[in-house]
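Q: I'm passing along final_16.cif; it holds mmCIF, C-alpha atoms.
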data_model
#
loop_
_atom_site.label_atom_id
_atom_site.label_comp_id
_atom_site.auth_asym_id
_atom_site.auth_seq_id
_atom_site.Cartn_x
_atom_site.Cartn_y
_atom_site.Cartn_z
CA MET D 1 57.36 -34.81 -25.89
CA LEU D 2 54.30 -34.59 -28.16
CA ARG D 3 52.46 -37.12 -26.00
CA TYR D 4 53.32 -35.09 -22.92
CA ILE D 5 52.01 -31.84 -24.45
CA LEU D 6 48.76 -33.50 -25.55
CA ALA D 7 48.27 -35.01 -22.12
CA CYS D 8 48.77 -31.60 -20.49
CA LEU D 9 46.32 -29.96 -22.88
CA LEU D 10 43.70 -32.60 -22.18
CA ALA D 11 44.23 -32.30 -18.46
CA PHE D 12 43.95 -28.49 -18.64
CA SER D 13 40.80 -28.75 -20.76
CA ALA D 14 39.16 -31.06 -18.26
CA SER D 15 40.14 -28.96 -15.24
CA ALA D 16 39.10 -25.66 -16.92
CA GLN D 17 35.50 -26.68 -17.48
CA THR D 18 33.01 -24.46 -15.62
CA ARG D 19 29.26 -24.49 -15.39
CA THR D 20 26.59 -21.84 -15.60
CA GLY D 21 22.86 -21.76 -16.14
CA THR D 22 19.73 -19.83 -15.39
CA VAL D 23 18.08 -20.50 -12.07
CA GLN D 24 14.31 -20.76 -12.01
CA VAL D 25 12.37 -19.96 -8.87
CA ARG D 26 9.10 -21.84 -9.03
CA VAL D 27 6.22 -20.98 -6.74
CA SER D 28 3.00 -22.97 -6.73
CA THR D 29 -0.23 -23.13 -4.77
CA ASP D 30 -1.58 -26.23 -3.05
CA HIS D 31 -4.73 -26.10 -5.22
CA SER D 32 -4.16 -27.05 -8.84
CA ASP D 33 -6.77 -24.54 -10.03
CA TRP D 34 -5.25 -21.77 -7.85
CA ARG D 35 -8.72 -21.05 -6.41
CA TYR D 36 -9.88 -20.78 -2.79
CA GLN D 37 -12.94 -19.80 -0.85
CA PRO D 38 -12.71 -16.76 1.45
CA GLY D 39 -11.32 -17.90 4.77
CA GLN D 40 -9.70 -21.00 3.27
CA PRO D 41 -5.92 -21.15 3.97
CA VAL D 42 -3.33 -21.23 1.21
CA ARG D 43 -0.01 -23.01 1.18
CA PHE D 44 2.69 -21.94 -1.26
CA HIS D 45 5.53 -24.24 -2.32
CA ILE D 46 8.86 -22.72 -3.35
CA VAL D 47 11.69 -24.49 -5.14
CA ALA D 48 14.78 -23.19 -6.97
CA VAL D 49 15.92 -25.24 -9.97
CA GLN D 50 19.01 -25.19 -12.16
CA ASP D 51 19.44 -27.53 -15.11
CA GLY D 52 16.30 -29.36 -14.06
CA HIS D 53 17.47 -30.17 -10.55
CA PRO D 54 16.57 -28.45 -7.27
CA LEU D 55 19.19 -26.33 -5.53
CA GLU D 56 19.77 -26.71 -1.83
CA GLY D 57 21.44 -24.73 0.91
CA ILE D 58 20.60 -21.33 -0.57
CA LYS D 59 18.58 -18.60 1.08
CA VAL D 60 15.12 -17.74 -0.18
CA SER D 61 13.23 -14.62 0.78
CA TYR D 62 9.48 -14.59 0.35
CA LYS D 63 6.71 -12.03 0.73
CA ILE D 64 3.01 -12.86 0.90
CA GLY D 65 0.02 -10.57 0.84
CA PRO D 66 -2.74 -9.13 -1.36
CA GLU D 67 -1.24 -8.34 -4.75
CA MET D 68 0.47 -4.98 -5.28
CA VAL D 69 0.15 -3.75 -1.68
CA THR D 70 2.34 -4.08 1.42
CA PRO D 71 2.87 -7.79 2.19
CA LYS D 72 1.64 -9.27 5.45
CA ILE D 73 4.42 -11.90 5.56
CA ASP D 74 8.07 -11.05 4.88
CA GLN D 75 10.45 -13.88 5.84
CA SER D 76 13.43 -15.94 4.68
CA ALA D 77 14.54 -19.55 4.96
CA THR D 78 17.07 -22.03 3.55
CA LEU D 79 15.96 -24.22 0.68
CA THR D 80 16.39 -27.97 0.58
CA THR D 81 16.10 -30.18 -2.48
CA ALA D 82 12.47 -30.75 -1.48
CA GLY D 83 11.83 -27.04 -1.59
CA LEU D 84 9.93 -25.05 1.01
CA THR D 85 6.24 -25.04 1.86
CA VAL D 86 4.97 -21.93 3.64
CA GLU D 87 1.64 -20.97 5.16
CA GLY D 88 0.24 -18.07 3.18
CA GLY D 89 -2.79 -17.23 5.28
CA THR D 90 -6.08 -16.41 3.63
CA MET D 91 -8.39 -13.60 2.49
CA LYS D 92 -11.82 -12.89 3.87
CA ASP D 93 -13.03 -11.02 0.79
CA PRO D 94 -12.82 -11.73 -2.96
CA GLY D 95 -9.36 -10.94 -4.32
CA PHE D 96 -5.87 -12.30 -4.94
CA LEU D 97 -3.15 -13.36 -2.50
CA ARG D 98 0.38 -13.40 -3.92
CA CYS D 99 3.65 -15.04 -2.87
CA ILE D 100 6.84 -13.57 -4.36
CA ALA D 101 10.06 -15.50 -3.73
CA THR D 102 13.64 -14.43 -4.53
CA VAL D 103 16.97 -16.22 -4.30
CA GLU D 104 20.54 -15.09 -4.90
CA HIS D 105 22.90 -17.47 -6.64
CA ASN D 106 26.31 -16.80 -8.20
CA GLY D 107 25.88 -13.08 -7.78
CA ARG D 108 22.47 -12.91 -9.47
CA THR D 109 18.98 -12.49 -8.10
CA TYR D 110 16.17 -14.72 -9.37
CA ARG D 111 12.48 -14.31 -8.74
CA GLY D 112 9.25 -16.30 -8.99
CA LEU D 113 5.65 -15.88 -7.89
CA ALA D 114 2.24 -17.47 -7.65
CA THR D 115 -1.13 -15.88 -7.00
CA ALA D 116 -4.09 -17.52 -5.27
CA ALA D 117 -7.58 -16.43 -6.30
CA PHE D 118 -10.45 -15.95 -3.84
CA GLN D 119 -13.82 -15.83 -5.64
CA PRO D 120 -12.53 -13.48 -8.37
CA GLU D 121 -15.91 -13.47 -10.13
CA ALA D 122 -17.28 -11.61 -7.10
CA ILE D 123 -14.74 -8.76 -7.25
CA GLN D 124 -16.47 -5.42 -7.71
CA PRO D 125 -14.81 -2.18 -8.84
CA THR D 126 -13.92 0.69 -6.55
CA GLN D 127 -14.28 3.20 -9.39
CA LYS D 128 -17.36 5.43 -9.44
CA ASP D 129 -19.53 5.89 -12.54
CA PRO D 130 -20.11 9.64 -13.14
CA ALA D 131 -23.72 10.65 -13.67
CA ASP D 132 -22.75 12.61 -16.80
CA PHE D 133 -20.37 9.99 -18.23
CA ASP D 134 -22.46 9.33 -21.36
CA GLN D 135 -23.13 13.02 -21.85
CA PHE D 136 -19.40 13.77 -21.71
CA TRP D 137 -18.46 11.17 -24.30
CA ASN D 138 -21.42 11.87 -26.58
CA ALA D 139 -20.27 15.48 -26.68
CA GLY D 140 -16.76 14.31 -27.55
CA LYS D 141 -18.03 12.13 -30.40
CA ALA D 142 -20.18 14.98 -31.67
CA ALA D 143 -17.15 17.27 -31.72
CA LEU D 144 -15.15 14.62 -33.57
CA ALA D 145 -17.90 14.18 -36.17
CA LYS D 146 -17.56 17.86 -37.11
CA ILE D 147 -13.91 17.37 -38.03
CA PRO D 148 -13.41 16.07 -41.61
CA MET D 149 -11.52 12.76 -41.78
CA ASP D 150 -9.13 14.07 -44.48
CA ALA D 151 -7.72 10.58 -44.98
CA LYS D 152 -4.30 10.33 -46.61
CA VAL D 153 -3.42 6.80 -47.73
CA THR D 154 0.08 5.87 -48.92
CA PRO D 155 1.00 2.40 -50.31
CA LEU D 156 3.49 0.30 -48.34
CA PRO D 157 4.33 -2.45 -50.86
CA GLU D 158 7.13 -3.87 -48.71
CA TYR D 159 4.68 -4.49 -45.81
CA GLY D 160 2.28 -6.68 -47.75
CA ASN D 161 2.32 -10.29 -48.94
CA ALA D 162 1.02 -12.37 -51.83
CA LEU D 163 -2.60 -12.00 -50.67
CA ALA D 164 -2.66 -8.59 -48.96
CA ASN D 165 -1.79 -4.98 -49.72
CA CYS D 166 -0.75 -2.55 -46.99
CA PHE D 167 -0.98 1.24 -46.67
CA HIS D 168 0.11 3.95 -44.27
CA VAL D 169 -3.05 5.78 -43.13
CA ASN D 170 -3.10 9.36 -41.86
CA LEU D 171 -6.45 10.59 -40.49
CA GLN D 172 -7.59 13.88 -39.03
CA ASN D 173 -8.58 13.50 -35.37
CA ILE D 174 -9.67 15.71 -32.53
CA GLY D 175 -6.76 17.30 -30.65
CA MET D 176 -6.02 17.97 -27.00
CA SER D 177 -7.67 21.40 -27.12
CA GLY D 178 -10.44 20.40 -29.53
CA ALA D 179 -8.50 21.59 -32.57
CA PRO D 180 -7.66 18.97 -35.23
CA SER D 181 -4.69 16.62 -34.80
CA ARG D 182 -3.69 13.48 -36.71
CA PHE D 183 -4.09 9.74 -36.10
CA TYR D 184 -1.90 7.19 -37.89
CA GLY D 185 -1.87 3.48 -38.63
CA VAL D 186 -1.15 0.71 -41.12
CA MET D 187 -4.13 -0.65 -43.02
CA CYS D 188 -3.97 -4.03 -44.76
CA GLU D 189 -6.62 -5.29 -47.17
CA PRO D 190 -7.13 -8.50 -49.12
CA LYS D 191 -5.95 -8.30 -52.72
CA ALA D 192 -8.90 -10.31 -54.02
CA PRO D 193 -12.00 -8.26 -54.86
CA GLY D 194 -14.94 -8.71 -52.51
CA LYS D 195 -16.59 -7.57 -49.31
CA TYR D 196 -14.84 -8.32 -46.02
CA PRO D 197 -15.14 -7.92 -42.24
CA ALA D 198 -12.86 -5.39 -40.54
CA VAL D 199 -10.69 -5.35 -37.41
CA LEU D 200 -9.21 -2.41 -35.55
CA SER D 201 -5.98 -3.37 -33.77
CA VAL D 202 -5.15 -1.04 -30.88
CA PRO D 203 -1.69 -0.86 -29.29
CA GLY D 204 -0.11 -1.67 -25.98
CA ALA D 205 1.62 1.07 -24.02
CA GLY D 206 4.76 2.70 -25.34
CA VAL D 207 5.99 4.48 -28.44
CA ARG D 208 6.92 2.31 -31.42
CA PRO D 209 6.44 1.72 -35.16
CA TYR D 210 3.88 -0.72 -36.60
CA ARG D 211 3.81 -2.97 -39.64
CA GLY D 212 0.12 -3.85 -39.83
CA LEU D 213 -1.62 -7.24 -39.80
CA ALA D 214 -0.94 -8.52 -43.30
CA GLU D 215 -1.29 -12.17 -42.30
CA LEU D 216 -4.82 -11.60 -41.00
CA ALA D 217 -5.69 -9.56 -44.09
CA ALA D 218 -4.55 -12.48 -46.22
CA LYS D 219 -7.26 -14.55 -44.53
CA GLY D 220 -9.97 -12.19 -45.77
CA VAL D 221 -10.11 -9.36 -43.20
CA ILE D 222 -9.55 -5.62 -43.57
CA THR D 223 -7.21 -4.59 -40.74
CA LEU D 224 -6.10 -1.27 -39.33
CA GLN D 225 -3.31 -1.28 -36.75
CA VAL D 226 -3.01 2.15 -35.18
CA GLY D 227 -0.61 4.13 -33.05
CA ILE D 228 -2.01 6.61 -30.55
CA HIS D 229 0.51 9.44 -30.36
CA GLY D 230 -0.37 11.51 -33.42
CA ILE D 231 2.86 10.65 -35.24
CA PRO D 232 3.53 8.46 -38.30
CA VAL D 233 4.01 4.79 -37.44
CA THR D 234 6.56 3.84 -40.12
CA MET D 235 9.61 5.84 -39.03
CA ASP D 236 12.94 4.50 -37.78
CA GLN D 237 12.91 2.89 -34.33
CA SER D 238 15.35 5.51 -33.03
CA VAL D 239 12.69 8.21 -33.43
CA TYR D 240 10.27 6.36 -31.14
CA ASP D 241 13.02 5.56 -28.65
CA SER D 242 13.84 9.27 -28.37
CA LEU D 243 10.20 10.22 -27.91
CA GLY D 244 9.59 7.45 -25.38
CA THR D 245 12.41 8.67 -23.16
CA GLY D 246 11.73 12.32 -23.87
CA ALA D 247 8.63 14.21 -24.94
CA LEU D 248 6.26 11.25 -24.52
CA MET D 249 7.70 9.81 -21.32
CA ASN D 250 4.89 9.25 -18.80
CA TYR D 251 2.31 10.33 -21.38
CA ASN D 252 -0.31 8.27 -19.54
CA THR D 253 -0.66 10.96 -16.85
CA PHE D 254 -0.42 14.05 -19.09
CA GLY D 255 -3.34 16.38 -18.31
CA LEU D 256 -4.77 14.08 -15.64
CA ASP D 257 -5.99 17.07 -13.65
CA SER D 258 -8.66 17.85 -16.29
CA ARG D 259 -11.15 15.54 -18.00
CA ASP D 260 -11.04 17.82 -21.07
CA ARG D 261 -7.25 17.81 -21.36
CA TYR D 262 -6.28 14.29 -20.29
CA TYR D 263 -4.06 12.58 -22.87
CA TYR D 264 -6.45 9.71 -23.49
CA ARG D 265 -9.35 11.90 -24.62
CA ARG D 266 -7.76 12.31 -28.04
CA VAL D 267 -6.76 8.62 -28.00
CA TYR D 268 -10.21 7.24 -27.18
CA LEU D 269 -11.86 9.44 -29.79
CA GLY D 270 -9.08 8.58 -32.23
CA CYS D 271 -10.16 4.94 -32.04
CA VAL D 272 -13.66 6.04 -33.07
CA ARG D 273 -12.10 7.97 -35.95
CA ALA D 274 -10.19 4.84 -37.00
CA ASN D 275 -13.53 3.02 -37.12
CA ASP D 276 -14.92 5.85 -39.26
CA PHE D 277 -12.20 5.01 -41.75
CA LEU D 278 -12.80 1.26 -41.65
CA VAL D 279 -16.56 1.44 -42.13
CA GLY D 280 -16.00 3.80 -45.03
CA HIS D 281 -13.69 1.34 -46.79
CA HIS D 282 -15.09 0.30 -50.16
CA MET D 283 -14.39 -3.37 -49.40
CA TRP D 284 -16.05 -3.46 -45.97
CA ASP D 285 -18.99 -5.86 -45.75
CA GLY D 286 -21.18 -3.21 -44.12
CA VAL D 287 -21.77 -5.25 -40.94
CA THR D 288 -18.76 -6.80 -39.23
CA LEU D 289 -16.38 -4.68 -37.20
CA ALA D 290 -14.25 -5.92 -34.28
CA VAL D 291 -11.48 -4.48 -32.13
CA THR D 292 -8.58 -6.22 -30.42
CA GLY D 293 -5.47 -5.52 -28.37
CA GLY D 294 -3.56 -6.25 -25.19
CA SER D 295 -2.66 -4.23 -22.08
CA GLN D 296 -3.27 -0.59 -23.10
CA GLY D 297 -4.70 -2.17 -26.24
CA GLY D 298 -6.97 -4.35 -24.10
CA ALA D 299 -8.19 -1.18 -22.45
CA LEU D 300 -8.74 0.53 -25.79
CA SER D 301 -10.63 -2.52 -27.07
CA ILE D 302 -13.14 -2.25 -24.22
CA VAL D 303 -13.27 1.53 -24.48
CA THR D 304 -13.93 1.43 -28.22
CA ALA D 305 -16.62 -1.23 -27.87
CA GLY D 306 -18.25 0.84 -25.14
CA LEU D 307 -18.10 4.07 -27.16
CA ASP D 308 -18.89 2.92 -30.66
CA PRO D 309 -22.07 0.91 -31.41
CA ARG D 310 -20.65 -0.09 -34.80
CA VAL D 311 -18.31 -2.52 -33.01
CA LYS D 312 -19.80 -6.01 -32.95
CA ALA D 313 -17.11 -7.91 -31.01
CA LEU D 314 -13.84 -7.50 -29.15
CA ALA D 315 -10.89 -9.62 -28.04
CA ALA D 316 -8.92 -8.11 -25.14
CA TYR D 317 -5.84 -9.36 -23.34
CA TYR D 318 -5.15 -8.15 -19.76
CA PRO D 319 -6.74 -4.70 -20.12
CA ALA D 320 -4.94 -1.77 -18.52
CA LEU D 321 -6.52 1.39 -17.04
CA ALA D 322 -9.04 -0.72 -15.12
CA ASP D 323 -10.17 0.26 -11.63
CA VAL D 324 -7.19 2.57 -11.19
CA THR D 325 -8.72 3.81 -7.91
CA GLY D 326 -8.18 0.42 -6.24
CA TYR D 327 -5.11 1.77 -4.43
CA LEU D 328 -7.26 4.37 -2.70
CA GLU D 329 -8.92 1.46 -0.90
CA ASN D 330 -5.68 -0.44 -0.23
CA ARG D 331 -6.02 -2.97 -3.01
CA ALA D 332 -4.49 -3.38 -6.46
CA GLY D 333 -5.37 -0.88 -9.15
CA GLY D 334 -4.75 -1.04 -12.88
CA TRP D 335 -1.86 0.27 -14.97
CA PRO D 336 -0.50 2.96 -15.01
CA HIS D 337 -0.86 2.78 -11.19
CA MET D 338 -1.11 6.55 -10.90
CA PHE D 339 -2.72 6.34 -7.45
CA ARG D 340 -0.37 3.75 -5.96
CA ALA D 341 1.86 6.26 -4.18
CA ALA D 342 0.12 8.04 -1.30
CA ASP D 343 2.61 10.92 -1.27
CA GLY D 344 5.86 12.08 -2.81
CA PRO D 345 6.76 12.99 -6.42
CA LEU D 346 4.99 9.91 -7.86
CA SER D 347 1.69 10.61 -6.15
CA HIS D 348 -1.32 11.74 -8.18
CA ARG D 349 -3.81 11.50 -5.34
CA SER D 350 -5.41 14.90 -5.79
CA GLN D 351 -9.17 15.14 -6.03
CA ASP D 352 -9.15 16.64 -9.53
CA LYS D 353 -7.06 13.75 -10.89
CA ILE D 354 -9.20 11.16 -9.16
CA GLU D 355 -12.28 12.79 -10.64
CA THR D 356 -10.76 12.79 -14.14
CA SER D 357 -9.99 9.07 -13.85
CA ARG D 358 -13.71 8.31 -13.54
CA TYR D 359 -14.29 9.40 -17.14
CA TYR D 360 -11.42 7.28 -18.51
CA ASP D 361 -11.42 4.16 -16.36
CA VAL D 362 -12.02 0.97 -18.35
CA VAL D 363 -14.48 -0.15 -15.67
CA ASN D 364 -16.96 2.52 -16.70
CA PHE D 365 -16.69 1.62 -20.38
CA ALA D 366 -17.02 -2.07 -19.48
CA ARG D 367 -20.38 -1.30 -17.87
CA ARG D 368 -21.53 -0.26 -21.36
CA VAL D 369 -20.15 -3.14 -23.46
CA LYS D 370 -23.10 -5.10 -24.82
CA VAL D 371 -21.36 -6.97 -27.67
CA THR D 372 -19.74 -10.38 -27.50
CA GLY D 373 -16.17 -10.49 -26.21
CA MET D 374 -13.23 -12.80 -25.57
CA TYR D 375 -10.98 -11.80 -22.66
CA SER D 376 -7.74 -13.40 -21.53
CA TRP D 377 -5.12 -12.97 -18.79
CA GLY D 378 -3.16 -14.75 -16.08
CA PHE D 379 -3.12 -14.55 -12.30
CA ASN D 380 0.56 -13.53 -12.05
CA ASP D 381 0.24 -10.24 -13.94
CA GLU D 382 1.93 -7.42 -12.01
CA THR D 383 1.35 -4.75 -14.67
CA CYS D 384 -2.39 -5.24 -15.06
CA PRO D 385 -3.22 -7.09 -11.83
CA PRO D 386 -6.11 -9.56 -12.03
CA THR D 387 -7.96 -7.68 -9.27
CA SER D 388 -8.22 -4.78 -11.72
CA THR D 389 -9.06 -6.81 -14.81
CA TYR D 390 -11.77 -8.79 -13.01
CA SER D 391 -13.18 -5.48 -11.75
CA ALA D 392 -13.91 -4.58 -15.35
CA TYR D 393 -14.85 -8.03 -16.59
CA ASN D 394 -17.39 -8.63 -13.84
CA VAL D 395 -19.50 -5.59 -14.77
CA ILE D 396 -19.67 -6.28 -18.53
CA PRO D 397 -23.35 -6.91 -19.39
CA GLY D 398 -22.71 -8.35 -22.87
CA PRO D 399 -21.90 -11.98 -23.79
CA LYS D 400 -18.38 -12.77 -22.61
CA LYS D 401 -15.84 -15.55 -22.36
CA LEU D 402 -12.72 -15.53 -20.18
CA LEU D 403 -9.69 -17.60 -21.18
CA LEU D 404 -7.23 -17.95 -18.29
CA ALA D 405 -3.54 -18.77 -18.67
CA LEU D 406 -3.00 -18.97 -14.91
CA GLU D 407 0.77 -18.82 -14.61
CA THR D 408 1.33 -16.02 -17.10
CA GLY D 409 2.23 -12.53 -16.02
CA HIS D 410 2.03 -9.61 -18.43
CA ASN D 411 2.58 -11.84 -21.44
CA ASN D 412 0.94 -14.38 -23.70
CA VAL D 413 1.72 -18.01 -24.39
CA PRO D 414 1.28 -19.52 -27.89
CA GLU D 415 -1.66 -21.73 -26.90
CA GLN D 416 -3.49 -18.70 -25.50
CA VAL D 417 -2.90 -16.57 -28.59
CA ALA D 418 -3.95 -19.40 -30.91
CA GLU D 419 -7.28 -19.83 -29.10
CA VAL D 420 -8.07 -16.11 -29.03
CA ASP D 421 -7.10 -15.68 -32.68
CA ALA D 422 -9.25 -18.64 -33.68
CA TRP D 423 -12.21 -17.22 -31.75
CA LEU D 424 -11.84 -13.81 -33.38
CA LEU D 425 -11.48 -15.19 -36.91
CA ALA D 426 -14.43 -17.53 -36.41
CA PHE D 427 -16.56 -14.60 -35.28
CA LEU D 428 -15.51 -12.44 -38.22
CA LYS D 429 -16.17 -15.15 -40.76
CA GLY D 430 -19.39 -16.26 -39.10
CA ALA D 431 -20.79 -12.76 -38.75
CA ALA D 432 -19.80 -11.89 -42.30
CA SER D 433 -21.58 -14.98 -43.66
CA GLY D 434 -24.65 -14.39 -41.51
CA LYS D 435 -24.17 -17.54 -39.40
#
Could you render the structure as structure tokens?
A:
Amino acid sequence: MLRYILACLLAFSASAQTRTGTVQVRVSTDHSDWRYQPGQPVRFHIVAVQDGHPLEGIKVSYKIGPEMVTPKIDQSATLTTAGLTVEGGTMKDPGFLRCIATVEHNGRTYRGLATAAFQPEAIQPTQKDPADFDQFWNAGKAALAKIPMDAKVTPLPEYGNALANCFHVNLQNIGMSGAPSRFYGVMCEPKAPGKYPAVLSVPGAGVRPYRGLAELAAKGVITLQVGIHGIPVTMDQSVYDSLGTGALMNYNTFGLDSRDRYYYRRVYLGCVRANDFLVGHHMWDGVTLAVTGGSQGGALSIVTAGLDPRVKALAAYYPALADVTGYLENRAGGWPHMFRAADGPLSHRSQDKIETSRYYDVVNFARRVKVTGMYSWGFNDETCPPTSTYSAYNVIPGPKKLLLALETGHNNVPEQVAEVDAWLLAFLKGAASGK
């Protein structure tokens, strides 16, 4: 009887085995560098893979066209183990052509994409440069300078490490109406006495707490990681979650109908105020100041370098807020895509809002960046499309280097981060030593 029971259990165990796994939809171009000349045709290859092996007999839907606008090709086919190669057409002007493929398998939808580049270094912005742009921002900086910094610095011993101390920093900043507001961040400094370079770290979009850059401070750099919303950055996560889905939801379009009331006026000037604090630090070397960030932080890095001549270098990942007017000319614009919708409740295409955007678009700050910079992004970014980021990059007059991680979307890969971090640290150490 025991043998019979064991045999039944083994038989049931074998028959009850099921299989699951994530499906990957892989899309690739027929040029390994993803680059084409205008008029040159593109072929995209699509394959769906599970557990390392291609799936067959499943339907794939694919759309091809200039990124972020209505596709010119919208078709479906059945995949074989060899995958599917499709003709993607071409582009006659500089830009990006994207293929997005989706498959459904076991009740789930999976998605992949690839983006072909057509002379991206020749992309020019659609955004206009206001004649009084410099006058407007010089007036803003002058108003900020009249407001005392009133710095309040509170130790954060649990945020530091063996080589770095950290502090919660609370600075007085210009407010939405010109009256004072506050600007917060976490500053980390080396424990060892000496003079050090400084870095301002500016944030990506959203509402969240921050812990500072203690690891970088341990390498001999004064760091200040800031939030932008005028609230302390060391509270419980639940506070930021509530604000992000409540009072600060869609903050990126608050006041967009007025250049004097737009949300980012206080933010851009707050970054200058953060630099005021850093250059006043008793351990600063008196020379070396850099700024870095990604997405919204990439935008703020370029903005701060364009506004503040004390900045000597920047490192920016996939900058947002670049050439936001692209959609007005039927091509991709930058996050937050406020002009993507032509009508309806999501549309911001009124002349006053378009005019305000000219004073805040990263493109117009990029035109004024004269210091050395490292920039990095991928071709598959759907949040900060490469058409928009190249629009800014191509008009930067200062020394610049672009590090591409082609297949990435709105994310980094470790190799990319390591190279950018090494570049930034080498600059800081080299500039501080006079090399």
Q: Determine the nearest neighbour of Asp241 in chain D from the options D:Arg182, D:Arg266, D:Arg208, D:Lys219, counting all atoms listed in the file.
A: D:Arg208
Q: Smallest atom-to-atom distance to Met176 in chain D: which of D:Phe365, D:Phe133, D:Phe254, D:Tyr263, using all atoms listed in the file?
A: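 So, comparing all the options, the nearest one is D:Tyr263.
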Q: Mind checking which residues fall within 12 Å of Gly112 in chain D, counting all atoms listed in the file, ignoring those fewer than 3 positions away in the same chain, and posting them as a ChimeraX atom specification?
A: /D:23-28,44-49,60-63,98-103,109,115,380-382,407-409
Q: State, in Å with one decimal place, the distance from CA of Gly230 in chain D to CA of Ala247 in chain D.
A: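 If I compute the distance from CA of Gly230 in chain D to CA of Ala247 in chain D, I get 12.7 Å.
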Q: Return the single residue from D:Glu355, D:Asp74, D:Glu189, D:Asp308 that is closest to His281 in chain D, with distances computed using all atoms listed in the file.
A: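 That would be D:Glu189, the residue with the smallest distance to His281 in chain D.
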Q: Using the chain letters and numbers from the file, give me the residues hit by the PyMOL selection byres ((chain D and resi 255) around 12), as an mmCIF file with C-alpha atoms, keeping the file's coordinate frame.
A:
data_model
loop_
_atom_site.group_PDB
_atom_site.id
_atom_site.type_symbol
_atom_site.label_atom_id
_atom_site.label_comp_id
_atom_site.auth_asym_id
_atom_site.auth_seq_id
_atom_site.Cartn_x
_atom_site.Cartn_y
_atom_site.Cartn_z
ATOM 1 C CA MET D 176 -6.020 17.970 -27.000
ATOM 2 C CA SER D 177 -7.670 21.400 -27.120
ATOM 3 C CA ASN D 250 4.890 9.250 -18.800
ATOM 4 C CA TYR D 251 2.310 10.330 -21.380
ATOM 5 C CA ASN D 252 -0.310 8.270 -19.540
ATOM 6 C CA THR D 253 -0.660 10.960 -16.850
ATOM 7 C CA PHE D 254 -0.420 14.050 -19.090
ATOM 8 C CA LEU D 256 -4.770 14.080 -15.640
ATOM 9 C CA ASP D 257 -5.990 17.070 -13.650
ATOM 10 C CA SER D 258 -8.660 17.850 -16.290
ATOM 11 C CA ARG D 259 -11.150 15.540 -18.000
ATOM 12 C CA ASP D 260 -11.040 17.820 -21.070
ATOM 13 C CA ARG D 261 -7.250 17.810 -21.360
ATOM 14 C CA TYR D 262 -6.280 14.290 -20.290
ATOM 15 C CA TYR D 263 -4.060 12.580 -22.870
ATOM 16 C CA TYR D 264 -6.450 9.710 -23.490
ATOM 17 C CA ARG D 265 -9.350 11.900 -24.620
ATOM 18 C CA ARG D 266 -7.760 12.310 -28.040
ATOM 19 C CA HIS D 348 -1.320 11.740 -8.180
ATOM 20 C CA ASP D 352 -9.150 16.640 -9.530
ATOM 21 C CA LYS D 353 -7.060 13.750 -10.890
ATOM 22 C CA THR D 356 -10.760 12.790 -14.140
ATOM 23 C CA SER D 357 -9.990 9.070 -13.850
#
Q: Would you mind reading off the distance between CA of Gln172 in chain D and CA of Val311 in chain D, one decimal, in Å?
A: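 Computing it gives 20.5 Å between the two atoms.
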Q: Please write the residues picked by the PyMOL selection byres ((chain D and resi 185) around 7) on this file as a PyMOL selection string.
A: chain D and resi 168-170+184+186-187+224-227+233
Q: At a cut-off of 10 Å from (1.5, -4.0, -48.9) in the coordinates of the file, what residues are picked up using only C-alpha atoms, written as an NGL selection string?
A: :D and (154-168 or 186-191 or 211-212 or 214)
Q: Write a file of the just-selected residues containing C-alpha atoms, as a short mmCIF file (atom, residue, chain, number, x, y, z; two decimals), in the frame of the given file.
A:
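Here's the written file part.cif:
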data_model
loop_
_atom_site.label_atom_id
_atom_site.label_comp_id
_atom_site.auth_asym_id
_atom_site.auth_seq_id
_atom_site.Cartn_x
_atom_site.Cartn_y
_atom_site.Cartn_z
CA THR D 154 0.08 5.87 -48.92
CA PRO D 155 1.00 2.40 -50.31
CA LEU D 156 3.49 0.30 -48.34
CA PRO D 157 4.33 -2.45 -50.86
CA GLU D 158 7.13 -3.87 -48.71
CA TYR D 159 4.68 -4.49 -45.81
CA GLY D 160 2.28 -6.68 -47.75
CA ASN D 161 2.32 -10.29 -48.94
CA ALA D 162 1.02 -12.37 -51.83
CA LEU D 163 -2.60 -12.00 -50.67
CA ALA D 164 -2.66 -8.59 -48.96
CA ASN D 165 -1.79 -4.98 -49.72
CA CYS D 166 -0.75 -2.55 -46.99
CA PHE D 167 -0.98 1.24 -46.67
CA HIS D 168 0.11 3.95 -44.27
CA VAL D 186 -1.15 0.71 -41.12
CA MET D 187 -4.13 -0.65 -43.02
CA CYS D 188 -3.97 -4.03 -44.76
CA GLU D 189 -6.62 -5.29 -47.17
CA PRO D 190 -7.13 -8.50 -49.12
CA LYS D 191 -5.95 -8.30 -52.72
CA ARG D 211 3.81 -2.97 -39.64
CA GLY D 212 0.12 -3.85 -39.83
CA ALA D 214 -0.94 -8.52 -43.30
#
Q: Using Å and a single decimal, report how far CA of Thr389 in chain D sits from CA of Leu97 in chain D.
A: 15.1 Å
Q: Excluding Val239 in chain D and any residue of its chain fewer than 5 positions from it, enumerate the residues within 12 Å of it, using all atoms listed in the file, and give them as a list of chain:residue names.
A: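 Listing them by chain and then by number gives D:Val207, D:Arg208, D:Pro209, D:Ile231, D:Pro232, D:Val233, D:Thr234, D:Gly244, D:Thr245, D:Gly246, D:Ala247, D:Leu248.
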Q: Leaving out range 84-96 of chain D and any residue of its chain fewer than 4 positions from it, which residues lie within 9 Å of it when counting all atoms listed in the file, given as a ChimeraX atom specification?
A: /D:36-47,64-67,73,77-80,115-124,331,379,386-387
